[in-house]
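Have a look at the structure below, then the notes.
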Amino acid sequence: MKQILQNLGNGETLLADVPFPALGKNSALIESRRSLVSLGTEKMLIDFGRGGWIAKARSQPDKVKQVFQKIKTDGLWTTIDAVKAKLDTPIPLGYCNVGVALEVSEDSPFQVGDRIASNGPHAETVSVSQNLAARIPDRVSDDQAAFTVVGAIGLQGIRLLNPTLGERIVVSGLGLIGLLSVQMLKANGCQVLGIDFDPAKLALARQFGAETCDLSLGQDPVLAAEQWTKGSGVDGVLITASTKSDELIHQAATMCRQRGRIVLVGVVGLNLQRSDFYEKELTFQVSCSYGPGRYDPQYEKRGLDYPIGFVRWTEQRNFEAVLQLMADGKIDVSPLITHRFSFDNALDAYQAINEPGAMGIVLEYGEQGVEGCRLEVDGGAVSRGVDEWVSGKDVGEDRDQRGQGKGQGDEFSAREPLTPNPSPRSGARGGEKIAGVKRDVGIAFVGAGGFTTRMLMPSLPANGLRRETVISNSGVSAAYAAKKFNFARTSASFHDVLADDRVDAFFITTPHHLHGRMVADALRAGKHVFVEKPLALALDEIDEIEQLANDRPSQCLMVGFNRRFSPHMTALREWGTAAPSNRAIIITVNAGAIPEKHWTQDPSIGGGRIVGEACHFVDLARYLAGSPIAKAEVFPILGGDGRLGDCVSIQMQFEDGSTASVHYLANGSKDFPKERVEVFAGGKVLVCDNFRVSTEVGGKRRLRTRAQDKGHRHEVERFLNAIRNGGQAPIPLSELLEVSRTAVALGRLSKRG
């Protein structure tokens, strides 16, 4: 299918062939009929992409600070690679979609065939959470419904403003959201004054029943408001404009009455003057998108609704309210539609964004689509780019994706645009010889997130490998990864690819709660498996994997404990052998705080940071000690900084008498090294800082790498070489299971605080 994507690095807008999305839990799969181009958010993203490095930095000063901080801790080259990878990743455009339900998940409020308005992107088919969608009343056309989401943005601002019948409200900025807000305020019984520079928009506001102030004529908005209210001041101001200036806030405060209200829906400068608010006791609030539930993963991803008795208006119920206003004739969108394009000509719509008078740009899908206006491409900044985007010519990184690896049947079997170098089908298993030559290893990736595309896929060797399939719920991330790293095809179904004889080995990089089940399924299917840490979240899953792996000794099982493969750790272990002695190992991890709502903190998805990340350092201590773990205990910080269980001290004792202390901390300063490893042994102290510099204190040995080297390339090469050569997995199975069980046990104990 086709979808509109935006490259933030070079500003290119693409109409790309991507796989169909998978139907997730609590979701609906929707065939698009209409979508609305946002002249605010989408234009901002396009302008950001077209800007140079200096312009990008100026527009996001907070991100610049993060970059400099990362340079201090991770080094210049590692930071440059990360920034380039982030900007090189195409993102979906659009959030105003109308379509028909093709498939719905269990217990969904929707039925197949329902017309649905959602925040889905510009794509022929979208998969949308049930709480981000609403059924369209019969009396509402597809054109009208395309304005549901932008209407809900304005409605949420109005709800925060809390206007009452007869109040006088100013709407500052008469774009789509502003003009829809004018109509909703009038439906609420309010008197409205609209302010803008554009005479055409002001005329529409008057058509909808508002008084107006034309800034293009030099009219003073404060004086206009004073005259409109006969000197008493307005009851409230809804700011739906976009400007870097602080003047709009000052004007809004000046025109308000005593204890007036100001709500910001748009984006303006916020250098507030205390006197403006102090003297009148004004209230000021910023509105968050469509309403309560926005950015809450429990609501948006897991489908958990807020009880209506406690949260009357959620984002979904705001969608429904806007649709009902349309059905009742209280909102008229027909004067707001200025352009129409068939989806095949969607890129022309992004040229139309900059046309004078452009406002409601509607994309039409399927046979009902129209040709629309066709404009010349401006200097190549906007390109159809389908063939180029899927040609697989370049190699790059990064996509942050948290999708799950499940999908529908054979829905990707007919989609072969992502086949730059298709490989012949073969039933031979990895490591077997064909005519005396070892067969190249066919691999598939399950998951195409940021870590996968920035660290693992770039680590794949150029030779001895057949890059078969990328599997992901997100068609965009799968297509991007397949194109960038020259994979033959994409899919949304892990279980379909399990049966593919072309695939010898799976790289599993999904969210943590899927690891155990996917590893077991892949082993049963006769595949070699590389799974990112952790191996599993539960001991019974580890027990099952152990049984399967023991029954299949010819299959390699590998967990992504990459740090033990770093040249820095190889050096520390070798330097330590020069002084045969038991070791005292100290590993300090300045991990930094992660919000409680982040998926890694969720016990059911990420397993918590001890199981999900500190397992790295349990394995590293095991590797440096070179001896089995005899005992492991965890001492969490109790309360305060330790409330999430991610500030702990892990004490380990090994069978040879060595010890290790792993201090995994989320409450430290970013100016301290992120990871420090110290080994005390036989009169020596060996130190590694951030996997960039390793030193023998008091000795002459020293290792410095150009960038951070945490061992990702080495671990991937070792895994693939083991498959090709029919050898043992890089980490012995007993050691891998020992570390995994220890990490799960420590994770449980860390939650006692």
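Residue names in the structure tokens use chain letters A, B, ... in the order shown, residue numbers from 1 in each chain, and ligand numbers from 1 in the order shown.
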
For the alpha helix (DSSP H) assignment from backbone DSSP, which residues of stretch 229-332 of chain A qualify? Please present them as a ChimeraX atom specification. /A:247-255,274-278,297-300,315-327

Those residues you just picked out, can you put them in a file as a PDB file, in the first residue's frame with C-alpha atoms?
```pdb
ATOM      1  CA  GLU A 247       2.702  39.689  22.095  1.00  0.00           C
ATOM      2  CA  LEU A 248      -0.398  37.489  21.715  1.00  0.00           C
ATOM      3  CA  ILE A 249      -0.302  36.479  25.370  1.00  0.00           C
ATOM      4  CA  HIS A 250       0.151  40.098  26.449  1.00  0.00           C
ATOM      5  CA  GLN A 251      -2.745  41.184  24.250  1.00  0.00           C
ATOM      6  CA  ALA A 252      -4.959  38.370  25.547  1.00  0.00           C
ATOM      7  CA  ALA A 253      -4.246  39.330  29.160  1.00  0.00           C
ATOM      8  CA  THR A 254      -4.861  43.017  28.472  1.00  0.00           C
ATOM      9  CA  MET A 255      -8.245  42.455  26.809  1.00  0.00           C
ATOM     10  CA  ARG A 274       3.593  38.782  35.858  1.00  0.00           C
ATOM     11  CA  SER A 275       1.790  42.091  36.082  1.00  0.00           C
ATOM     12  CA  ASP A 276      -0.581  41.080  33.270  1.00  0.00           C
ATOM     13  CA  PHE A 277      -1.873  38.157  35.318  1.00  0.00           C
ATOM     14  CA  TYR A 278      -1.342  39.436  38.859  1.00  0.00           C
ATOM     15  CA  PRO A 297      -0.338   4.479  26.887  1.00  0.00           C
ATOM     16  CA  GLN A 298      -2.877   2.788  29.141  1.00  0.00           C
ATOM     17  CA  TYR A 299      -5.646   4.686  27.377  1.00  0.00           C
ATOM     18  CA  GLU A 300      -4.279   4.913  23.845  1.00  0.00           C
ATOM     19  CA  GLU A 315     -10.296  12.357  23.468  1.00  0.00           C
ATOM     20  CA  GLN A 316     -12.605   9.736  21.990  1.00  0.00           C
ATOM     21  CA  ARG A 317     -15.694  11.345  23.505  1.00  0.00           C
ATOM     22  CA  ASN A 318     -14.499  14.673  22.116  1.00  0.00           C
ATOM     23  CA  PHE A 319     -14.367  13.042  18.658  1.00  0.00           C
ATOM     24  CA  GLU A 320     -17.925  11.841  19.159  1.00  0.00           C
ATOM     25  CA  ALA A 321     -19.093  15.290  20.298  1.00  0.00           C
ATOM     26  CA  VAL A 322     -17.633  16.971  17.204  1.00  0.00           C
ATOM     27  CA  LEU A 323     -19.280  14.386  14.941  1.00  0.00           C
ATOM     28  CA  GLN A 324     -22.607  14.969  16.678  1.00  0.00           C
ATOM     29  CA  LEU A 325     -22.302  18.729  16.159  1.00  0.00           C
ATOM     30  CA  MET A 326     -21.727  18.029  12.473  1.00  0.00           C
ATOM     31  CA  ALA A 327     -24.726  15.706  12.349  1.00  0.00           C
TER      32      ALA A 327
END
```

Would you please give, as a PyMOL selection string, all residues of stretch 237-278 of chain A that DSSP assigns to strand (DSSP E or B) based on the backbone? chain A and resi 237-239+242+256-264+267

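The neighbours of stretch 731-745 of chain A here are the residues that come within 8 Å of it, using only C-alpha atoms and leaving out any residue fewer than 6 positions away in the same chain; they are Pro534, Leu535, Ala536, Leu537, Ala538, Leu539, Ile542, Glu546, Leu557, Met558, Val559, Ile610, Val611, Ala614, Cys615, Val618, Asp619, Arg622, Pro628, Ile629 and Ala632 of chain A.
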
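Picture a line from atom CA of A:Gly151 to atom CA of A:Asn354; it runs 22.0 Å.
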
With only C-alpha atoms as the counted atoms, please give the residues lying no more than 10 Å from stretch 694-699 of chain A, apart from itself and same-chain residues fewer than 3 positions off, as a list in words.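 Returned residues: Pro567, His568, Met569, Ala571, Leu572, Trp575, Gly576, Arg676, Val677, Glu678, Val679, Gly683, Lys684, Val685, Leu686, Val687, Cys688, Asp689, Asn690, Phe691, Arg702, Leu703, Arg704 and Thr705 of chain A.
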
Which residue is closest to A:Tyr95? Choose from A:Val333, A:Leu39, A:Val446, A:Val470 and count only C-alpha atoms.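 With only C-alpha atoms as the atom set, the closest residue is A:Leu39.
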
Between atom CA of A:Leu264 and atom CA of A:Val128, measure the distance and give it in Å to one decimal.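 Distance between the two atoms: 27.4 Å.
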
As a PyMOL selection string, please: the residues near A:Glu675 (cut-off 10 Å, only C-alpha atoms, same-chain neighbours under 5 positions excluded). chain A and resi 73-74+587-591+617+663-664+688-691

Save out the residues we just selected, N, CA and C atoms, as a PDB file, in the first residue's frame.
```pdb
ATOM      1  N   THR A  73      29.213  12.422  27.304  1.00  0.00           N
ATOM      2  CA  THR A  73      29.207  11.083  27.887  1.00  0.00           C
ATOM      3  C   THR A  73      29.574   9.993  26.876  1.00  0.00           C
ATOM      4  N   ASP A  74      29.069  10.114  25.632  1.00  0.00           N
ATOM      5  CA  ASP A  74      29.246   9.033  24.658  1.00  0.00           C
ATOM      6  C   ASP A  74      30.286   9.327  23.598  1.00  0.00           C
ATOM      7  N   ILE A 587      30.968  -2.373  38.914  1.00  0.00           N
ATOM      8  CA  ILE A 587      30.348  -1.820  37.710  1.00  0.00           C
ATOM      9  C   ILE A 587      29.352  -0.756  38.149  1.00  0.00           C
ATOM     10  N   THR A 588      29.588   0.477  37.727  1.00  0.00           N
ATOM     11  CA  THR A 588      28.709   1.592  38.078  1.00  0.00           C
ATOM     12  C   THR A 588      27.975   2.041  36.825  1.00  0.00           C
ATOM     13  N   VAL A 589      26.664   1.983  36.890  1.00  0.00           N
ATOM     14  CA  VAL A 589      25.826   2.342  35.743  1.00  0.00           C
ATOM     15  C   VAL A 589      24.992   3.565  36.120  1.00  0.00           C
ATOM     16  N   ASN A 590      25.323   4.682  35.517  1.00  0.00           N
ATOM     17  CA  ASN A 590      24.595   5.935  35.735  1.00  0.00           C
ATOM     18  C   ASN A 590      23.488   5.998  34.689  1.00  0.00           C
ATOM     19  N   ALA A 591      22.467   5.166  34.885  1.00  0.00           N
ATOM     20  CA  ALA A 591      21.488   4.892  33.827  1.00  0.00           C
ATOM     21  C   ALA A 591      20.601   6.077  33.503  1.00  0.00           C
ATOM     22  N   PHE A 617      24.637  -6.156  32.915  1.00  0.00           N
ATOM     23  CA  PHE A 617      25.782  -5.995  33.798  1.00  0.00           C
ATOM     24  C   PHE A 617      25.970  -7.206  34.707  1.00  0.00           C
ATOM     25  N   HIS A 663      26.269  -1.368  40.617  1.00  0.00           N
ATOM     26  CA  HIS A 663      25.458  -0.250  41.100  1.00  0.00           C
ATOM     27  C   HIS A 663      24.685   0.303  39.906  1.00  0.00           C
ATOM     28  N   TYR A 664      23.418  -0.071  39.830  1.00  0.00           N
ATOM     29  CA  TYR A 664      22.562   0.382  38.730  1.00  0.00           C
ATOM     30  C   TYR A 664      21.685   1.502  39.286  1.00  0.00           C
ATOM     31  N   CYS A 688      37.529   0.927  32.770  1.00  0.00           N
ATOM     32  CA  CYS A 688      36.955   1.285  31.471  1.00  0.00           C
ATOM     33  C   CYS A 688      35.867   2.329  31.697  1.00  0.00           C
ATOM     34  N   ASP A 689      35.943   3.444  30.982  1.00  0.00           N
ATOM     35  CA  ASP A 689      34.932   4.493  31.055  1.00  0.00           C
ATOM     36  C   ASP A 689      34.156   4.562  29.750  1.00  0.00           C
ATOM     37  N   ASN A 690      32.847   4.294  29.856  1.00  0.00           N
ATOM     38  CA  ASN A 690      31.916   4.484  28.739  1.00  0.00           C
ATOM     39  C   ASN A 690      32.305   3.721  27.473  1.00  0.00           C
ATOM     40  N   PHE A 691      33.067   2.674  27.612  1.00  0.00           N
ATOM     41  CA  PHE A 691      33.456   1.829  26.479  1.00  0.00           C
ATOM     42  C   PHE A 691      34.153   2.646  25.387  1.00  0.00           C
TER      43      PHE A 691
END
```

What lies within 10 Å of A:Leu217 using only C-alpha atoms, ignoring chain neighbours under 5 positions off, as a PyMOL selection string? chain A and resi 197-199

Would you mind exporting C-alpha atoms of the selected residues as a PDB file, in the first residue's frame?
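Saved the output as selection.pdb:
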```pdb
ATOM      1  CA  PHE A 197      -4.533  39.004   9.433  1.00  0.00           C
ATOM      2  CA  ASP A 198      -6.309  37.179   6.577  1.00  0.00           C
ATOM      3  CA  PRO A 199      -9.427  38.954   5.212  1.00  0.00           C
TER       4      PRO A 199
END
```

Point-to-point distance in Å for atom CA of A:Arg583 and atom CA of A:Ala630: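 Going from atom CA of A:Ala630 over to atom CA of A:Arg583, I get 14.3 Å.
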
Might you pull out every residue within 7 Å of A:Thr338, with only C-alpha atoms counted and same-chain residues fewer than 5 positions away left off, and present them as a PyMOL selection string? chain A and resi 358-361

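Comparing A:Leu363, A:Val529, A:Ile239, A:Leu29 by their smallest distance to A:Gln555, the closest is A:Val529 (using only C-alpha atoms).
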